[in-house]
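One structure is given here, and the rest of the page talks about it.
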Amino acid sequence: MVNRMHTARDIARESTDVYRELLQLDRPCFVVRDEHGIGVTTDPTSARTTQVLASVPALPPESLGERGFLSTHRVRTAYATGAMANGIASADMVIALSNAGYLSSFGAGGLAPDRIDEALGRIKRDTSGKPFAANLIHSPNELALERAAVQLFLRHQVHCVEASAFLDLTPQVVHYRAAGLSRDGNGRIVVGHRVIAKVSRAEVAERFLRPAPQAMLGQLVADRAITEEQAELALQVPMADDLTAEADSGGHTDRRPLVVLLPQIIALRDRIQRELGYLHSVRVGAAGGIGTPVAAAAAFGLGAAYAVTGSINQACVEANQSAVVKDLLATAEETDCAMAPSADMFEMGVDVQVLKRGTMFAGRAKRLYEVYRANDSIESIPVTERAELEDRVFHRPLSAVWQDCERFFAERDPDQIQRAHDTPKRRMALVFRWYLGLSSGWGIQGTPDRVADYQIWCGPAMGAFNQWVTATYLAAPANRTVVDVATHIMRGAAFASRINQLRLAGVRLPADCSSYRPTPLVKHTVHREEQQ
């Protein structure tokens with residue numbers, strides 16, 4: 001038992017001992033009183049010989065969230081890393097997390113099909129059948145890319161996709177879901193293609209909580225994309241196995257507070273479950289603003305089935321991001337974020353959340369959208385304003401940018417060029433999207449003369465993480481591996497939950513033993529006999 005000392009000289013040692021006892025998360029914890037005073041112990045024998053003032057059960061990280069998430073996805077904890085587009089959530093990241101027992105989503109959004117093909121092949125090879133996910137991002141202006149991604153997921157037998165940025169269901173996501181449905185020998189429905197849908201609005205969440213639209217399924221049958229049996233089975237299951245309530249996150253976000261959004265989506269899920277009576281209820285997880293153990297613990301306390309991190313992984317070793325961007329992210333604070341027009345939904349006025357420290361992208365992107373709204377074509381832009389854009393933003397004539405767009409879309413999606421020739425305002429949109437699209441790549445590549453134009457998707461969780469790891473080994477980006485971050489977030493969340501349980505029992509602990517501090521992990525080498 002660890003007793004409370006009464007001399008100033010021993011206070012530091014006492015707090016360290018209490019903290020060490022509290023960290024024994026796989027054992028129950030007791031606050032007891034004996035002739036020496038009040039103390040903390042995880043030894044049941046000691047607890048039986050003293051007066052127990054409060055007790056809390058064992059709370060290992062594996063106990064957080066819903067067990068169904070662990071069993072369905074075959075992972076060790078209810079933790080996942082969300083996809084960051086353009087391959088920022090890299091194959092290296094997915095492989096490292098998958099092999100460590102965590103679910104991770106490959107950032108397929110925005111990548112050309114050949115790059116997705118190559119990455120999926122490598123992930124499948126290097127994870128040896130362990131679970132992973134791939135991102136299916138809704139691309140309203142590039143539906144051909146969405147279709148190509150689904151075809152690649154089917155060809156590579158990807159068993160789980162993270163569907164993001166959807167405003168409504170599309171034939172592509174319905175195709176993926178339905179194509180994995182079958183019956184087992186006992187007639188039970190087998191879901192071979194799992195869908196984790198990121199949502200920030202109730203109306204979009206409801207689309208994924210209900211079965212696929214019958215008309216869309218009928219067209220897929222007519223196109224011979226799925227069978228009649230699969231269409232029938234799709235009417236009996238929801239579109240998603242998991243819904244991630246995405247709050248104030250980097251990239252696409254409505255910046256909704258998690259304490260408002262998560263209970264709303266859970267209540268919606270419960271209402272539809274009562275109405276339709278699925279055999280397995282859709283799980284609801286949380287994302288957005290989760291950059292510390294306390295934030296993850298809060299999400300679990302609100303009823304999240306699992307927690308998803310995003311921005312914080314972008315500064316990790318395995319992220320496909322340049323060193324200069326990782327350094328910018330590692331110094332970001334919670335208030336260093338801004339909203340800017342997105343490349344994939346520019347014409348619709350949809351924004352993404354980006355880092356504003358060290359870059360001028362947000363202001364320049366907003367300027368482009370203002371010009372787009374005020375003019376009907378490139379030719380109608382006032383001469384002075386056009387010259388300023390060419391000089392300060394594009395660094396080249398807009399006519400040259402349009403030639404680049406023609407070459408790019410000739411291979412990627414030729415229909416875009418034809419529609420732009422027919423509609424001058426659409427041509428202007430493609431030219432402006434040239435800047436928005438390349439700006440992320442400039443950051444990934446670390447292009448020296450484009451630092452001011454880096455588009456770095458980032459939410460306030462990044463600043464919270466940086467503050468938490470100050471003066472620890474994780475302060476340096478070189479030490480931030482995704483497995484270390486995942487392990488400390490979940491271990492720390494369990495620790496924070498234990499502290500909250502003790503507080504509810506009336507226990508007040510010293511401040512210096514109430515907060516989880518990350519320390520270097522002991523690396524475990526798996527020997528051949530252990531693998532067998």
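Labels for the structure tokens follow display order: chains A, B, ..., residues from 1 in each chain, ligands from 1.
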
Could you produce a table of the residues of range 212-292 of chain A lying within 10 Å of range 191-196 of chain A, with the nearest pair of atoms per residue and their separation in Å rounded to one decimal, using only C-alpha atoms, ordered by chain and increasing residue number, as CSV?
```
residue,atom,partner,partner_atom,distance
A:Leu233,CA,A:Val191,CA,9.6
A:Ala234,CA,A:Val191,CA,9.6
A:Val237,CA,A:Val191,CA,8.8
A:Pro238,CA,A:Val195,CA,9.6
A:Met239,CA,A:Val195,CA,7.1
A:Ala240,CA,A:Val195,CA,4.8
A:Asp241,CA,A:Val195,CA,5.7
A:Asp242,CA,A:Ile196,CA,4.7
A:Leu243,CA,A:Ile196,CA,5.7
A:Thr244,CA,A:Ile196,CA,6.9
A:Val282,CA,A:Ile196,CA,9.8
A:Arg283,CA,A:Ile196,CA,9.3
A:Val284,CA,A:Ile196,CA,9.4
A:Gly285,CA,A:Ile196,CA,9.5
```

Same residues, C-alpha atoms, output as an mmCIF file, in the first residue's frame:
```cif
data_model
loop_
_atom_site.group_PDB
_atom_site.id
_atom_site.type_symbol
_atom_site.label_atom_id
_atom_site.label_comp_id
_atom_site.auth_asym_id
_atom_site.auth_seq_id
_atom_site.Cartn_x
_atom_site.Cartn_y
_atom_site.Cartn_z
ATOM 1 C CA LEU A 233 -29.984 -8.874 -48.675
ATOM 2 C CA ALA A 234 -29.015 -5.203 -48.895
ATOM 3 C CA VAL A 237 -29.022 -4.514 -43.359
ATOM 4 C CA PRO A 238 -27.968 -0.901 -42.730
ATOM 5 C CA MET A 239 -25.548 0.760 -45.120
ATOM 6 C CA ALA A 240 -22.922 1.037 -42.389
ATOM 7 C CA ASP A 241 -21.659 -1.120 -39.544
ATOM 8 C CA ASP A 242 -20.171 1.906 -37.791
ATOM 9 C CA LEU A 243 -20.915 5.625 -37.826
ATOM 10 C CA THR A 244 -18.156 8.008 -36.828
ATOM 11 C CA VAL A 282 -24.907 0.156 -35.747
ATOM 12 C CA ARG A 283 -22.056 1.335 -33.514
ATOM 13 C CA VAL A 284 -21.386 5.067 -33.129
ATOM 14 C CA GLY A 285 -17.820 6.273 -32.610
#
```

Task: alpha helix (DSSP H) positions in range 81-187 of chain A, given as a PyMOL selection string - done: chain A and resi 91-99+113-127+143-155+171-179

Open item on the list: Ranking A:Ile456, A:Leu279, A:Ala340, A:Leu220 by minimum distance to Val324 in chain A and counting only C-alpha atoms, which one comes first?
Closed with: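 Once distances to Val324 in chain A are computed over only C-alpha atoms, the minimum belongs to A:Ile456.
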
- [ ] In Å, rounded to a single decimal, give me how far CA of Ala305 in chain A is from CA of Asn186 in chain A.
- [x] 29.0 Å

For range 240-337 of chain A versus range 201-216 of chain A, which residues have an atom no more than 9 Å away, and what is each residue's nearest atom pair and distance in Å rounded to one decimal, using only C-alpha atoms, chain-then-number order, as JSON lines?
```
{"residue": "A:Ala240", "atom": "CA", "partner": "A:Phe208", "partner_atom": "CA", "distance": 5.4}
{"residue": "A:Asp241", "atom": "CA", "partner": "A:Leu209", "partner_atom": "CA", "distance": 8.5}
{"residue": "A:Asp242", "atom": "CA", "partner": "A:Leu209", "partner_atom": "CA", "distance": 8.9}
{"residue": "A:Leu243", "atom": "CA", "partner": "A:Ala205", "partner_atom": "CA", "distance": 7.3}
{"residue": "A:Ala245", "atom": "CA", "partner": "A:Arg201", "partner_atom": "CA", "distance": 8.4}
{"residue": "A:Glu246", "atom": "CA", "partner": "A:Arg201", "partner_atom": "CA", "distance": 8.8}
{"residue": "A:Asp254", "atom": "CA", "partner": "A:Arg201", "partner_atom": "CA", "distance": 8.2}
{"residue": "A:Arg256", "atom": "CA", "partner": "A:Arg201", "partner_atom": "CA", "distance": 9.0}
{"residue": "A:Leu261", "atom": "CA", "partner": "A:Arg201", "partner_atom": "CA", "distance": 8.0}
{"residue": "A:Gln264", "atom": "CA", "partner": "A:Ala202", "partner_atom": "CA", "distance": 7.6}
{"residue": "A:Ile265", "atom": "CA", "partner": "A:Ala202", "partner_atom": "CA", "distance": 6.4}
{"residue": "A:Leu268", "atom": "CA", "partner": "A:Glu206", "partner_atom": "CA", "distance": 7.5}
{"residue": "A:Arg269", "atom": "CA", "partner": "A:Leu209", "partner_atom": "CA", "distance": 6.8}
{"residue": "A:Ile272", "atom": "CA", "partner": "A:Leu209", "partner_atom": "CA", "distance": 7.2}
{"residue": "A:Gln273", "atom": "CA", "partner": "A:Leu209", "partner_atom": "CA", "distance": 8.5}
{"residue": "A:Leu276", "atom": "CA", "partner": "A:Arg210", "partner_atom": "CA", "distance": 8.4}
{"residue": "A:Val282", "atom": "CA", "partner": "A:Leu209", "partner_atom": "CA", "distance": 7.1}
```

How would the residues just picked look written out with C-alpha atoms as a tab-separated table (two decimals), in the first residue's frame?
```
chain	number	residue	atom	x	y	z
A	240	ALA	CA	-22.92	1.04	-42.39
A	241	ASP	CA	-21.66	-1.12	-39.54
A	242	ASP	CA	-20.17	1.91	-37.79
A	243	LEU	CA	-20.92	5.63	-37.83
A	245	ALA	CA	-19.59	11.25	-35.47
A	246	GLU	CA	-17.02	13.69	-36.85
A	254	ASP	CA	-18.84	21.20	-39.90
A	256	ARG	CA	-19.77	20.71	-34.58
A	261	LEU	CA	-23.04	15.83	-32.17
A	264	GLN	CA	-27.50	13.39	-31.30
A	265	ILE	CA	-26.19	10.62	-33.58
A	268	LEU	CA	-30.84	8.86	-33.98
A	269	ARG	CA	-29.25	5.40	-34.13
A	272	ILE	CA	-33.91	3.78	-36.14
A	273	GLN	CA	-32.86	0.60	-34.33
A	276	LEU	CA	-36.12	-1.48	-37.95
A	282	VAL	CA	-24.91	0.16	-35.75
```

TODO: Name the closest residue to Ala295 in chain A among the candidates A:Ile123, A:Ala222, A:Gly492, A:Gly107; distances are taken between atoms, counting only C-alpha atoms.
DONE: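 Comparing A:Ile123, A:Ala222, A:Gly492, A:Gly107 against Ala295 in chain A, the winner is A:Gly492.
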
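One distance worth recording is that between CA of Lys130 in chain A and CA of Ala486 in chain A, which is 17.2 Å.
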
Task: Residue with smallest distance to Ile116 in chain A - pool A:Leu25, A:Asn86, A:Phe132, A:Leu368, counting only C-alpha atoms - done: A:Asn86
